[in-house]
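As provided, start.csv (CSV, C-alpha atoms) reads as follows.
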```csv
chain,number,residue,atom,x,y,z
A,1205,MET,CA,23.8,-96.2,-31.2
A,1206,GLY,CA,20.2,-97.0,-30.6
A,1207,TYR,CA,19.1,-93.6,-32.1
A,1208,GLU,CA,21.4,-94.0,-35.1
A,1209,SER,CA,20.2,-97.6,-35.7
A,1210,SER,CA,16.6,-96.4,-35.6
A,1211,LEU,CA,17.4,-93.6,-38.0
A,1212,LEU,CA,19.1,-95.9,-40.4
A,1213,SER,CA,16.1,-98.2,-40.3
A,1214,CYS,CA,13.7,-95.4,-41.0
A,1215,ILE,CA,15.8,-94.2,-43.9
A,1216,PHE,CA,16.0,-97.7,-45.4
A,1217,PHE,CA,12.2,-98.1,-45.0
A,1218,LEU,CA,11.6,-94.7,-46.8
A,1219,ILE,CA,13.9,-95.7,-49.6
A,1220,PHE,CA,12.3,-99.1,-50.0
A,1221,SER,CA,8.8,-97.6,-49.9
A,1222,SER,CA,9.8,-95.0,-52.5
A,1223,LEU,CA,11.2,-97.7,-54.7
A,1224,LEU,CA,8.0,-99.7,-54.6
A,1225,LEU,CA,6.0,-96.6,-55.4
A,1226,LEU,CA,8.3,-95.9,-58.3
A,1227,LEU,CA,8.0,-99.4,-59.7
A,1228,ASN,CA,4.2,-99.3,-59.4
A,1229,SER,CA,4.0,-95.8,-61.0
A,1230,HIS,CA,5.9,-97.2,-64.0
A,1231,ARG,CA,3.7,-100.4,-63.9
A,1232,VAL,CA,6.6,-102.8,-64.3
A,1233,PRO,CA,5.2,-106.1,-65.6
A,1234,LEU,CA,5.7,-109.2,-63.6
A,1235,PRO,CA,6.6,-112.4,-65.4
A,1236,VAL,CA,3.9,-115.0,-66.1
A,1237,ASN,CA,4.7,-118.7,-65.6
A,1238,LEU,CA,2.2,-120.2,-68.0
A,1239,GLN,CA,2.7,-123.7,-66.6
A,1240,SER,CA,1.7,-122.6,-63.1
A,1241,LEU,CA,-1.7,-121.0,-63.8
A,1242,THR,CA,-4.6,-122.4,-61.9
A,1243,ALA,CA,-7.4,-124.2,-63.7
A,1244,LEU,CA,-11.0,-123.1,-63.1
A,1245,SER,CA,-14.0,-125.3,-62.6
A,1246,PHE,CA,-16.9,-125.2,-65.0
A,1247,GLU,CA,-19.2,-123.3,-62.6
A,1248,GLU,CA,-16.5,-120.6,-62.0
A,1249,ALA,CA,-16.0,-119.6,-65.6
A,1250,TYR,CA,-18.2,-121.4,-68.2
A,1251,THR,CA,-21.7,-121.9,-69.3
A,1252,GLN,CA,-23.3,-124.6,-71.5
A,1253,LEU,CA,-24.1,-123.6,-75.1
A,1254,PHE,CA,-26.2,-126.5,-76.3
A,1255,GLY,CA,-26.6,-130.2,-76.1
A,1256,ASP,CA,-28.5,-130.6,-72.8
A,1257,SER,CA,-27.5,-134.0,-71.4
A,1258,ASN,CA,-24.7,-134.4,-73.9
A,1259,LEU,CA,-22.6,-132.2,-71.6
A,1260,MET,CA,-21.4,-133.9,-68.4
A,1261,LEU,CA,-19.4,-132.5,-65.5
A,1262,LEU,CA,-16.9,-134.7,-63.6
A,1263,ARG,CA,-14.4,-134.2,-60.8
A,1264,ASP,CA,-16.4,-131.3,-59.2
A,1265,GLY,CA,-16.6,-129.5,-62.6
A,1266,LYS,CA,-12.8,-129.8,-63.3
A,1267,THR,CA,-13.4,-132.2,-66.2
A,1268,VAL,CA,-16.1,-131.7,-68.9
A,1269,HIS,CA,-17.4,-134.3,-71.3
A,1270,ILE,CA,-19.1,-133.1,-74.5
A,1271,SER,CA,-20.6,-135.6,-76.9
A,1272,LEU,CA,-22.2,-136.0,-80.3
A,1273,ASP,CA,-25.0,-138.4,-81.1
A,1274,GLU,CA,-27.9,-138.6,-83.5
A,1275,ARG,CA,-29.8,-135.9,-81.7
A,1276,THR,CA,-27.2,-133.2,-81.2
A,1277,GLY,CA,-23.7,-132.2,-80.6
A,1278,SER,CA,-22.8,-130.1,-77.5
A,1279,GLY,CA,-20.6,-127.3,-76.3
A,1280,PHE,CA,-19.8,-124.7,-73.7
A,1281,ALA,CA,-18.3,-121.2,-73.6
A,1282,SER,CA,-16.6,-118.8,-71.2
A,1283,GLN,CA,-19.0,-116.6,-69.2
A,1284,ASP,CA,-16.8,-113.6,-70.0
A,1285,LEU,CA,-15.4,-111.9,-73.1
A,1286,TYR,CA,-11.6,-111.4,-73.0
A,1287,LEU,CA,-9.3,-108.9,-74.8
A,1288,HIS,CA,-5.9,-110.8,-74.9
A,1289,GLY,CA,-4.7,-113.5,-72.6
A,1290,PHE,CA,-3.7,-117.2,-72.3
A,1291,PHE,CA,-6.3,-119.9,-72.9
A,1292,SER,CA,-5.7,-123.6,-72.5
A,1293,ALA,CA,-7.2,-127.0,-72.1
A,1294,SER,CA,-6.2,-130.6,-71.9
A,1295,ILE,CA,-8.2,-132.6,-74.4
A,1296,LYS,CA,-8.8,-136.3,-75.2
A,1297,LEU,CA,-10.5,-136.9,-78.5
A,1298,PRO,CA,-13.0,-139.7,-79.4
A,1299,SER,CA,-11.4,-143.0,-80.4
A,1300,ASP,CA,-12.3,-145.6,-83.1
A,1301,TYR,CA,-14.2,-144.5,-86.3
A,1302,ALA,CA,-14.6,-140.7,-86.1
A,1303,ALA,CA,-15.0,-139.6,-89.8
A,1304,GLY,CA,-17.0,-136.3,-90.1
A,1305,VAL,CA,-16.7,-135.5,-86.4
A,1306,VAL,CA,-15.3,-132.1,-85.5
A,1307,VAL,CA,-14.1,-131.0,-82.1
A,1308,ALA,CA,-13.3,-127.3,-81.8
A,1309,PHE,CA,-11.5,-125.3,-79.1
A,1310,TYR,CA,-11.5,-121.7,-80.2
A,1311,MET,CA,-12.1,-118.0,-79.5
A,1312,SER,CA,-14.6,-116.0,-81.3
A,1313,ASN,CA,-16.9,-112.9,-81.1
A,1314,GLY,CA,-19.2,-113.9,-83.9
A,1315,ASP,CA,-22.2,-113.5,-81.6
A,1316,VAL,CA,-21.3,-109.8,-80.9
A,1317,PHE,CA,-19.8,-108.8,-84.2
A,1318,GLU,CA,-21.7,-110.8,-86.8
A,1319,LYS,CA,-20.4,-109.0,-89.9
A,1320,ASN,CA,-16.8,-108.4,-88.8
A,1321,HIS,CA,-16.0,-111.1,-86.2
A,1322,ASP,CA,-12.6,-112.3,-85.1
A,1323,GLU,CA,-11.6,-115.9,-84.5
A,1324,LEU,CA,-8.7,-118.1,-83.3
A,1325,ASP,CA,-9.3,-121.9,-83.8
A,1326,PHE,CA,-8.0,-125.3,-82.9
A,1327,GLU,CA,-10.2,-127.6,-85.0
A,1328,PHE,CA,-9.8,-131.4,-84.6
A,1329,LEU,CA,-10.9,-133.3,-87.6
A,1330,GLY,CA,-11.9,-137.0,-87.2
A,1331,ASN,CA,-11.0,-139.7,-89.6
A,1332,ILE,CA,-11.9,-143.3,-90.7
A,1333,ARG,CA,-10.5,-146.2,-88.7
A,1334,GLY,CA,-6.8,-146.7,-89.2
A,1335,ARG,CA,-6.2,-143.0,-90.0
A,1336,GLU,CA,-5.3,-140.4,-87.4
A,1337,TRP,CA,-7.2,-137.3,-86.4
A,1338,ARG,CA,-5.8,-134.0,-87.9
A,1339,VAL,CA,-5.6,-130.6,-86.2
A,1340,GLN,CA,-6.2,-127.3,-88.0
A,1341,THR,CA,-5.5,-123.8,-86.8
A,1342,ASN,CA,-7.4,-120.8,-88.1
A,1343,VAL,CA,-6.9,-117.1,-87.7
A,1344,TYR,CA,-9.7,-114.7,-88.9
A,1345,GLY,CA,-9.8,-111.0,-88.2
A,1346,ASN,CA,-12.5,-108.4,-88.8
A,1347,GLY,CA,-14.7,-110.8,-90.7
A,1348,SER,CA,-12.0,-112.0,-93.0
A,1349,THR,CA,-13.5,-115.5,-93.5
A,1350,GLY,CA,-13.1,-115.1,-97.2
A,1351,PHE,CA,-9.4,-114.6,-96.6
A,1352,GLY,CA,-8.6,-117.4,-94.3
A,1353,ARG,CA,-5.3,-118.1,-92.7
A,1354,GLU,CA,-5.6,-121.8,-92.1
A,1355,GLU,CA,-2.9,-124.4,-91.4
A,1356,ARG,CA,-3.3,-128.2,-90.9
A,1357,TYR,CA,-1.0,-130.7,-89.2
A,1358,GLN,CA,-0.7,-134.4,-88.6
A,1359,PHE,CA,-0.5,-135.5,-85.0
A,1360,TRP,CA,2.8,-137.0,-83.8
A,1361,PHE,CA,1.0,-138.9,-81.1
A,1362,ASP,CA,-2.4,-140.6,-80.7
A,1363,PRO,CA,-4.8,-137.8,-79.4
A,1364,THR,CA,-7.4,-140.4,-78.4
A,1365,GLU,CA,-5.2,-142.4,-75.9
A,1366,ASP,CA,-4.6,-139.7,-73.4
A,1367,PHE,CA,-5.0,-136.0,-72.6
A,1368,HIS,CA,-2.8,-133.5,-74.4
A,1369,ASN,CA,-2.6,-129.8,-73.8
A,1370,TYR,CA,-3.7,-127.2,-76.4
A,1371,SER,CA,-3.1,-123.5,-75.7
A,1372,ILE,CA,-3.6,-120.1,-77.4
A,1373,LEU,CA,-1.6,-117.0,-76.4
A,1374,TRP,CA,-3.2,-113.9,-77.8
A,1375,SER,CA,-1.6,-110.4,-77.2
A,1376,LYS,CA,-1.9,-107.1,-79.0
A,1377,ASN,CA,0.9,-108.0,-81.4
A,1378,ARG,CA,1.3,-111.8,-81.4
A,1379,ILE,CA,-0.6,-115.0,-81.5
A,1380,LEU,CA,0.9,-118.4,-80.5
A,1381,PHE,CA,-0.7,-121.8,-80.8
A,1382,TYR,CA,0.8,-124.5,-78.5
A,1383,ILE,CA,0.5,-128.3,-78.3
A,1384,ASP,CA,1.9,-129.7,-75.1
A,1385,ASN,CA,3.7,-126.4,-74.5
A,1386,ILE,CA,5.5,-126.6,-77.9
A,1387,PRO,CA,4.5,-123.7,-80.2
A,1388,ILE,CA,3.3,-125.0,-83.6
A,1389,ARG,CA,2.4,-121.6,-85.1
A,1390,GLU,CA,3.2,-117.9,-84.5
A,1391,VAL,CA,1.3,-115.0,-86.1
A,1392,VAL,CA,3.0,-111.7,-85.6
A,1393,ARG,CA,0.9,-108.5,-86.2
A,1394,THR,CA,2.2,-106.6,-89.3
A,1395,GLU,CA,1.0,-103.4,-91.0
A,1396,ALA,CA,0.2,-105.6,-94.0
A,1397,MET,CA,-2.4,-107.6,-92.0
A,1398,ALA,CA,-4.0,-104.3,-90.8
A,1399,ALA,CA,-7.5,-105.1,-89.4
A,1400,HIS,CA,-7.2,-108.8,-90.3
A,1401,PHE,CA,-5.3,-109.3,-87.0
A,1402,PRO,CA,-7.9,-110.2,-84.3
A,1403,SER,CA,-8.3,-107.2,-82.1
A,1404,LYS,CA,-11.8,-107.3,-80.5
A,1405,PRO,CA,-12.9,-109.0,-77.3
A,1406,MET,CA,-13.6,-112.7,-77.7
A,1407,SER,CA,-15.1,-115.6,-75.8
A,1408,LEU,CA,-13.6,-119.0,-75.4
A,1409,TYR,CA,-15.6,-122.0,-76.8
A,1410,ALA,CA,-15.4,-125.8,-76.9
A,1411,THR,CA,-17.8,-127.8,-79.1
A,1412,ILE,CA,-18.3,-131.1,-80.8
A,1413,TRP,CA,-20.5,-131.4,-83.9
A,1414,ASP,CA,-21.2,-133.1,-87.2
A,1415,GLY,CA,-19.0,-131.8,-90.0
A,1416,SER,CA,-19.8,-134.6,-92.5
A,1417,ASN,CA,-20.1,-132.2,-95.5
A,1418,TRP,CA,-16.4,-131.2,-95.3
A,1419,ALA,CA,-14.3,-132.5,-92.4
A,1420,THR,CA,-13.0,-135.9,-93.8
A,1421,SER,CA,-11.7,-136.1,-97.3
A,1422,GLY,CA,-13.8,-133.2,-98.4
A,1423,GLY,CA,-17.0,-134.8,-97.2
A,1424,ARG,CA,-16.4,-138.3,-98.7
A,1425,TYR,CA,-16.7,-139.9,-95.3
A,1426,LYS,CA,-19.6,-139.1,-93.1
A,1427,VAL,CA,-20.4,-139.4,-89.4
A,1428,ASN,CA,-21.5,-143.0,-88.7
A,1429,TYR,CA,-23.8,-142.9,-85.7
A,1430,LYS,CA,-23.4,-146.6,-85.2
A,1431,TYR,CA,-20.3,-145.6,-83.2
A,1432,ALA,CA,-22.0,-142.8,-81.3
A,1433,PRO,CA,-21.8,-141.3,-78.8
A,1434,TYR,CA,-18.6,-139.6,-79.7
A,1435,ILE,CA,-17.1,-138.1,-76.5
A,1436,ALA,CA,-14.5,-135.4,-76.3
A,1437,GLU,CA,-13.0,-134.9,-72.8
A,1438,PHE,CA,-11.8,-131.5,-71.5
A,1439,ALA,CA,-9.7,-130.9,-68.4
A,1440,ASP,CA,-7.3,-128.3,-66.9
A,1441,LEU,CA,-9.4,-125.4,-68.3
A,1442,ILE,CA,-7.4,-122.2,-68.0
A,1443,LEU,CA,-8.6,-118.7,-68.6
A,1444,HIS,CA,-6.0,-116.1,-67.8
A,1445,GLY,CA,-6.8,-112.9,-69.6
A,1446,CYS,CA,-8.2,-109.4,-69.6
A,1447,ALA,CA,-12.0,-109.7,-69.0
A,1448,VAL,CA,-14.1,-107.2,-70.8
A,1449,ASP,CA,-17.3,-105.5,-69.8
A,1450,PRO,CA,-20.0,-107.1,-72.0
A,1451,ILE,CA,-21.9,-103.8,-72.3
A,1452,ASP,CA,-19.3,-101.2,-73.3
A,1453,HIS,CA,-16.5,-103.8,-74.3
A,1454,LEU,CA,-14.0,-102.0,-72.1
A,1455,SER,CA,-11.2,-104.1,-70.7
A,1456,THR,CA,-10.9,-104.4,-66.9
A,1457,CYS,CA,-7.1,-104.8,-67.3
A,1458,ARG,CA,-4.7,-102.0,-66.4
A,1459,GLY,CA,-1.8,-101.1,-68.7
A,1460,HIS,CA,0.8,-103.2,-66.9
A,1461,GLU,CA,-1.5,-106.3,-67.0
A,1462,THR,CA,-1.9,-106.1,-70.8
A,1463,LYS,CA,1.9,-105.8,-71.2
A,1464,LEU,CA,2.2,-109.2,-69.5
A,1465,TYR,CA,0.9,-110.9,-72.6
A,1466,ASP,CA,3.0,-108.8,-75.0
A,1467,SER,CA,6.1,-109.7,-73.0
A,1468,ILE,CA,5.6,-113.5,-73.6
A,1469,THR,CA,7.5,-114.7,-76.7
A,1470,ALA,CA,8.7,-118.1,-77.9
A,1471,THR,CA,12.3,-118.9,-76.8
A,1472,SER,CA,15.0,-119.7,-79.3
A,1473,GLU,CA,14.7,-123.4,-78.3
A,1474,GLN,CA,10.9,-123.3,-78.8
A,1475,LEU,CA,11.2,-121.6,-82.2
A,1476,SER,CA,13.7,-124.3,-83.2
A,1477,ALA,CA,11.3,-127.0,-82.1
A,1478,MET,CA,8.5,-125.3,-83.9
A,1479,LYS,CA,10.4,-125.2,-87.2
A,1480,LYS,CA,11.2,-128.9,-87.0
A,1481,LEU,CA,7.7,-129.8,-86.1
A,1482,ARG,CA,6.2,-127.8,-88.9
A,1483,ARG,CA,8.5,-129.2,-91.5
A,1484,LYS,CA,7.7,-132.7,-90.4
A,1485,HIS,CA,4.0,-132.6,-89.6
A,1486,MET,CA,2.4,-129.6,-91.3
A,1487,THR,CA,0.3,-130.8,-94.3
A,1488,TYR,CA,-1.3,-127.5,-95.4
A,1489,SER,CA,-0.6,-123.8,-95.1
A,1490,TYR,CA,-2.4,-120.9,-96.8
A,1491,CYS,CA,0.9,-119.2,-97.4
A,1492,TYR,CA,1.8,-121.9,-99.9
A,1493,ASP,CA,-1.6,-122.4,-101.6
A,1494,GLY,CA,-0.8,-121.0,-105.0
A,1495,GLU,CA,-4.3,-122.1,-106.3
A,1496,ARG,CA,-6.1,-120.1,-103.7
A,1497,TYR,CA,-3.6,-117.2,-103.5
A,1498,PRO,CA,-1.5,-116.9,-106.7
A,1499,THR,CA,0.3,-114.0,-104.9
A,1500,PRO,CA,1.1,-115.0,-101.3
A,1501,PRO,CA,-0.6,-112.8,-98.6
A,1502,PRO,CA,1.7,-110.0,-97.6
A,1503,GLU,CA,2.4,-111.3,-94.1
A,1504,CYS,CA,3.7,-114.6,-95.3
A,1505,SER,CA,7.4,-114.9,-95.1
A,1506,ALA,CA,8.6,-117.8,-97.2
A,1507,ASP,CA,10.5,-120.7,-95.6
A,1508,ALA,CA,12.4,-122.4,-98.4
A,1509,ARG,CA,12.1,-125.8,-96.7
A,1510,GLU,CA,8.3,-125.4,-96.1
A,1511,ALA,CA,7.8,-124.0,-99.7
A,1512,GLU,CA,9.5,-127.1,-101.1
A,1513,GLN,CA,7.2,-129.5,-99.3
A,1514,PHE,CA,4.1,-127.7,-100.5
A,1515,GLU,CA,5.2,-127.2,-104.1
A,1516,GLY,CA,2.2,-127.8,-106.4
A,1517,ALA,CA,-0.2,-128.2,-103.5
A,1518,GLY,CA,-3.6,-126.4,-103.8
A,1519,SER,CA,-6.8,-125.9,-101.9
A,1520,GLY,CA,-7.7,-129.5,-102.2
A,1521,ARG,CA,-5.4,-130.2,-99.2
A,1522,SER,CA,-7.0,-127.4,-97.1
A,1523,GLY,CA,-10.2,-127.1,-95.0
A,1524,HIS,CA,-10.8,-123.5,-95.7
A,1525,ARG,CA,-14.5,-123.8,-96.2
A,1526,ARG,CA,-16.5,-121.9,-93.6
A,1527,ARG,CA,-18.1,-123.9,-90.9
A,1528,HIS,CA,-21.3,-122.7,-89.3
A,1529,GLY,CA,-22.1,-125.4,-86.7
A,1530,LYS,CA,-19.9,-124.3,-83.9
A,1531,ARG,CA,-21.3,-120.8,-83.1
A,1532,ARG,CA,-25.0,-121.2,-83.7
A,1533,HIS,CA,-26.1,-121.5,-80.1
A,1534,ARG,CA,-24.3,-118.6,-78.5
A,1535,ALA,CA,-27.5,-116.5,-78.3
A,1536,ALA,CA,-29.2,-119.2,-76.4
A,1537,ALA,CA,-26.3,-119.4,-74.0
A,1538,ALA,CA,-26.6,-115.6,-73.3
A,1539,VAL,CA,-30.2,-116.1,-72.5
A,1540,ALA,CA,-29.3,-118.9,-70.1
A,1541,VAL,CA,-26.7,-116.8,-68.4
A,1542,ALA,CA,-29.1,-113.9,-68.0
A,1543,ALA,CA,-31.7,-116.2,-66.5
A,1544,LYS,CA,-29.2,-117.6,-64.0
A,1545,GLU,CA,-28.2,-114.1,-63.0
A,1546,MET,CA,-31.8,-113.2,-62.4
A,1547,THR,CA,-32.4,-116.3,-60.4
A,1548,ASP,CA,-29.3,-115.7,-58.3
A,1549,THR,CA,-30.6,-112.2,-57.3
A,1550,LEU,CA,-34.0,-113.5,-56.2
```
Starting from the file, give its structure as structure tokens.
Amino acid sequence: MGYESSLLSCIFFLIFSSLLLLLNSHRVPLPVNLQSLTALSFEEAYTQLFGDSNLMLLRDGKTVHISLDERTGSGFASQDLYLHGFFSASIKLPSDYAAGVVVAFYMSNGDVFEKNHDELDFEFLGNIRGREWRVQTNVYGNGSTGFGREERYQFWFDPTEDFHNYSILWSKNRILFYIDNIPIREVVRTEAMAAHFPSKPMSLYATIWDGSNWATSGGRYKVNYKYAPYIAEFADLILHGCAVDPIDHLSTCRGHETKLYDSITATSEQLSAMKKLRRKHMTYSYCYDGERYPTPPPECSADAREAEQFEGAGSGRSGHRRRHGKRRHRAAAAVAVAAKEMTDTL
């Protein structure tokens, strides 16, 4: 009996080991629980872009305050480039009068690909007292800034009273924008979009700056520095993606890791919630801007209810003008990172 028991144990061990090898050889993707990902401190994953003392670290670098005053705005960026992943932050916006103030949480590679950059944006647009902030999402691929894919929404809560979570899921074939874990927008890669779907490595950015010339009522209301400093608070910073070598732009992810992001889709319940939210709170979509696009872009699939609410609307309700303030200091950040690396090696 002892011999037979040992033999059975050996056989079981061999079968189990073979099964593990088989699973690994086929690179079976493991599920990702987006809500259980660990936040990183500022020192672990980010670098300051600009704004000197207008960027402040709290809670051992787990919370970041960036501010805008008469001197300058401020911002920070991820130390690495990423090709696909999940990127998230809890953000609390400045209160009181905030006309002309723009807070951006976005991905871009404009510093690397100046003429054909990609970009995924959350842009938060300040307003006069008594009127709420608005949030805008933008998708640009391969330098398609002249063919923007912007959408704008009213908030269904006060984003200045407490932190709320904003997330971007970017995979090879899908982009999802979330607010408080509810998807507000899904962009699925199609043949019609071709190179306009973001497909090159990007860095993650967070900035606050003066957008007086366009952000509030087309520039009618400017930043009033009597109310400065305007402070945007960031916490729960999550970077979960395929880091890319900055020299050759090759991803460090293996095949099964990249499939993790492709496997994440919105559930039927999430899609239902997204439709309801969009019908109630979306105030502009490029797909229904007949003035700007007499023929809707090919990837737009008309939603009858959405089309009805935007009937007769034009570009006057959009914010599709290009903004230059948020990327201008990336080169300086690269120099700072290089200097830090040299110091660390000494």
Applying 7 Å and all atoms listed in the file, which residues near segment 1447-1452 of chain A remain after dropping the ones on its own chain fewer than 3 positions away? List them as a PyMOL selection string. chain A and resi 1284-1287+1405+1455-1456
Between A:Phe1361, A:Trp1413, A:Tyr1492, A:Tyr1344, which residue has the minimum interatomic distance to Lys1296 of chain A, considering only C-alpha atoms?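 Between A:Phe1361, A:Trp1413, A:Tyr1492, A:Tyr1344, the residue approaching Lys1296 of chain A most closely is A:Phe1361.
The interatomic distance for the pair atom CA of Leu1481 of chain A and atom CA of Val1339 of chain A works out to 13.3 Å.
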Distance atom CA of Glu1515 of chain A-atom CA of Cys1491 of chain A, one decimal place?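 Computing the Euclidean distance for atom CA of Glu1515 of chain A and atom CA of Cys1491 of chain A yields 11.3 Å.
With all atoms listed in the file as the atoms that count, the residue of A:Gly1345, A:Arg1338, A:Val1392, A:Phe1438 with the shortest distance to Asp1366 of chain A is A:Phe1438.
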Using only C-alpha atoms, what table do you get, as a tab-separated table, when you list each residue of segment 1367-1471 of chain A with an atom no more than 6 Å from segment 1305-1324 of chain A, its nearest pair of atoms, and their distance in Å rounded to one decimal, rows by chain then rising number?
```
residue	atom	partner	partner_atom	distance
A:Pro1402	CA	A:Asp1322	CA	5.2
A:Met1406	CA	A:Asn1313	CA	4.7
A:Ser1407	CA	A:Met1311	CA	5.3
A:Leu1408	CA	A:Met1311	CA	4.5
A:Tyr1409	CA	A:Tyr1310	CA	5.3
A:Ala1410	CA	A:Phe1309	CA	4.5
A:Thr1411	CA	A:Ala1308	CA	5.3
A:Ile1412	CA	A:Val1307	CA	4.4
A:Trp1413	CA	A:Val1306	CA	5.5
A:Asp1414	CA	A:Val1305	CA	5.2
A:Gly1415	CA	A:Val1305	CA	5.7
```
re atom CA of His1400 of chain A and atom CA of Pro1501 of chain A: distance 11.3 Å
Residues within 12 Å of Gly1334 of chain A, please, as a PyMOL selection string. Count only C-alpha atoms; anything in the same chain fewer than 4 positions from it doesn't count. chain A and resi 1299-1303+1330+1362
Proximity check segment 1327-1438 of chain A to segment 1468-1478 of chain A, 8 Å, nearest pairs one decimal Å, all atoms listed in the file, as a tab-separated table:
```
residue	atom	partner	partner_atom	distance
A:Ile1386	CA	A:Gln1474	CA	6.4
A:Pro1387	CA	A:Met1478	CA	5.7
A:Ile1388	CA	A:Met1478	CA	5.2
A:Arg1389	CA	A:Met1478	CA	7.2
```
Sort by chain and increasing residue number a table of all residues of segment 1345-1445 of chain A within 7 Å of segment 1235-1259 of chain A, each with its closest pair of atoms and their distance in Å to one decimal, counting all atoms listed in the file, and write it as a Markdown table.
```
| residue | atom | partner | partner_atom | distance |
| --- | --- | --- | --- | --- |
| A:Asp1440 | CA | A:Ala1243 | CA | 5.2 |
| A:Leu1441 | CA | A:Ala1243 | CA | 5.2 |
| A:Ile1442 | CA | A:Ala1243 | CA | 4.7 |
```
Output file for the selection above: C-alpha atoms, as a compact mmCIF listing (two decimals), in the frame of the given file:
```txt
# COMPACT_ATOMS: atom_id res chain seq x y z
CA ASP A 1440 -7.30 -128.30 -66.90
CA LEU A 1441 -9.40 -125.40 -68.30
CA ILE A 1442 -7.40 -122.20 -68.00
```
Neighbours of point (-16.7, -141.6, -91.1) within 7 Å, using all atoms listed in the file, written as JSON, numbers by chain: {"A": [1301, 1302, 1303, 1304, 1331, 1332, 1425, 1426, 1427, 1428]}
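If you measure from each of A:Leu1380, A:Cys1504, A:Ile1372, A:Leu1297 to Ala1396 of chain A using all atoms listed in the file, the closest one turns out to be A:Cys1504.
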From A:Thr1499, A:Thr1487, A:Ser1348, A:Ser1294, residue lying nearest Thr1364 of chain A [all atoms listed in the file]: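 Looking only at the distances to Thr1364 of chain A, the closest residue turns out to be A:Ser1294.
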For Arg1356 of chain A, list every protein, DNA or RNA residue within 8 Å, evaluated using only C-alpha atoms, and leave out those in the same chain fewer than 2 positions away; present the list as a PDB file with C-alpha atoms, in the coordinates of the input.
```pdb
ATOM      1  CA  ARG A1338      -5.800-134.000 -87.900  1.00  0.00           C
ATOM      2  CA  VAL A1339      -5.600-130.600 -86.200  1.00  0.00           C
ATOM      3  CA  GLN A1340      -6.200-127.300 -88.000  1.00  0.00           C
ATOM      4  CA  THR A1341      -5.500-123.800 -86.800  1.00  0.00           C
ATOM      5  CA  GLU A1354      -5.600-121.800 -92.100  1.00  0.00           C
ATOM      6  CA  GLN A1358      -0.700-134.400 -88.600  1.00  0.00           C
ATOM      7  CA  MET A1486       2.400-129.600 -91.300  1.00  0.00           C
ATOM      8  CA  THR A1487       0.300-130.800 -94.300  1.00  0.00           C
ATOM      9  CA  TYR A1488      -1.300-127.500 -95.400  1.00  0.00           C
ATOM     10  CA  SER A1489      -0.600-123.800 -95.100  1.00  0.00           C
ATOM     11  CA  SER A1522      -7.000-127.400 -97.100  1.00  0.00           C
TER      12      SER A1522
END
```
Minimum-distance residue to Glu1437 of chain A, chosen among A:Glu1365, A:Asp1273, A:Glu1512, A:Glu1355 (using all atoms listed in the file):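 That would be A:Glu1365, the residue with the smallest distance to Glu1437 of chain A.
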Exercise: Ile1383 of chain A partners within 7 Å, all atoms listed in the file, chain neighbours under 5 positions left out, as a ChimeraX atom specification: /A:1369-1371,1388
Nearest to Phe1351 of chain A by atom-to-atom distance, counting all atoms listed in the file, from A:Phe1328, A:Phe1290, A:Tyr1429, A:Phe1401: A:Phe1401
Reconstruct segment 1423-1433 of chain A at the level of N, CA and C atoms, and format the result as a tab-separated table (two decimals), keeping the file's coordinate frame.
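Writing the result to out_11.tsv gives the following:
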```
chain	number	residue	atom	x	y	z
A	1423	GLY	N	-15.65	-134.38	-97.36
A	1423	GLY	CA	-17.00	-134.80	-97.20
A	1423	GLY	C	-17.27	-136.22	-97.75
A	1424	ARG	N	-16.22	-136.89	-98.19
A	1424	ARG	CA	-16.40	-138.30	-98.70
A	1424	ARG	C	-16.84	-139.22	-97.65
A	1425	TYR	N	-16.31	-139.06	-96.44
A	1425	TYR	CA	-16.70	-139.90	-95.30
A	1425	TYR	C	-17.51	-139.17	-94.32
A	1426	LYS	N	-18.67	-139.74	-94.00
A	1426	LYS	CA	-19.60	-139.10	-93.10
A	1426	LYS	C	-19.55	-139.63	-91.69
A	1427	VAL	N	-20.20	-138.92	-90.78
A	1427	VAL	CA	-20.40	-139.40	-89.40
A	1427	VAL	C	-21.20	-140.71	-89.47
A	1428	ASN	N	-20.74	-141.76	-88.83
A	1428	ASN	CA	-21.50	-143.00	-88.70
A	1428	ASN	C	-21.99	-143.14	-87.29
A	1429	TYR	N	-23.28	-142.90	-87.08
A	1429	TYR	CA	-23.80	-142.90	-85.70
A	1429	TYR	C	-23.91	-144.24	-85.08
A	1430	LYS	N	-23.53	-145.27	-85.82
A	1430	LYS	CA	-23.40	-146.60	-85.20
A	1430	LYS	C	-22.37	-146.60	-84.11
A	1431	TYR	N	-21.39	-145.67	-84.23
A	1431	TYR	CA	-20.30	-145.60	-83.20
A	1431	TYR	C	-20.54	-144.52	-82.18
A	1432	ALA	N	-21.71	-143.88	-82.24
A	1432	ALA	CA	-22.00	-142.80	-81.30
A	1432	ALA	C	-22.33	-143.45	-79.90
A	1433	PRO	N	-22.20	-142.69	-78.80
A	1433	PRO	CA	-21.80	-141.30	-78.80
A	1433	PRO	C	-20.33	-141.07	-78.95
```
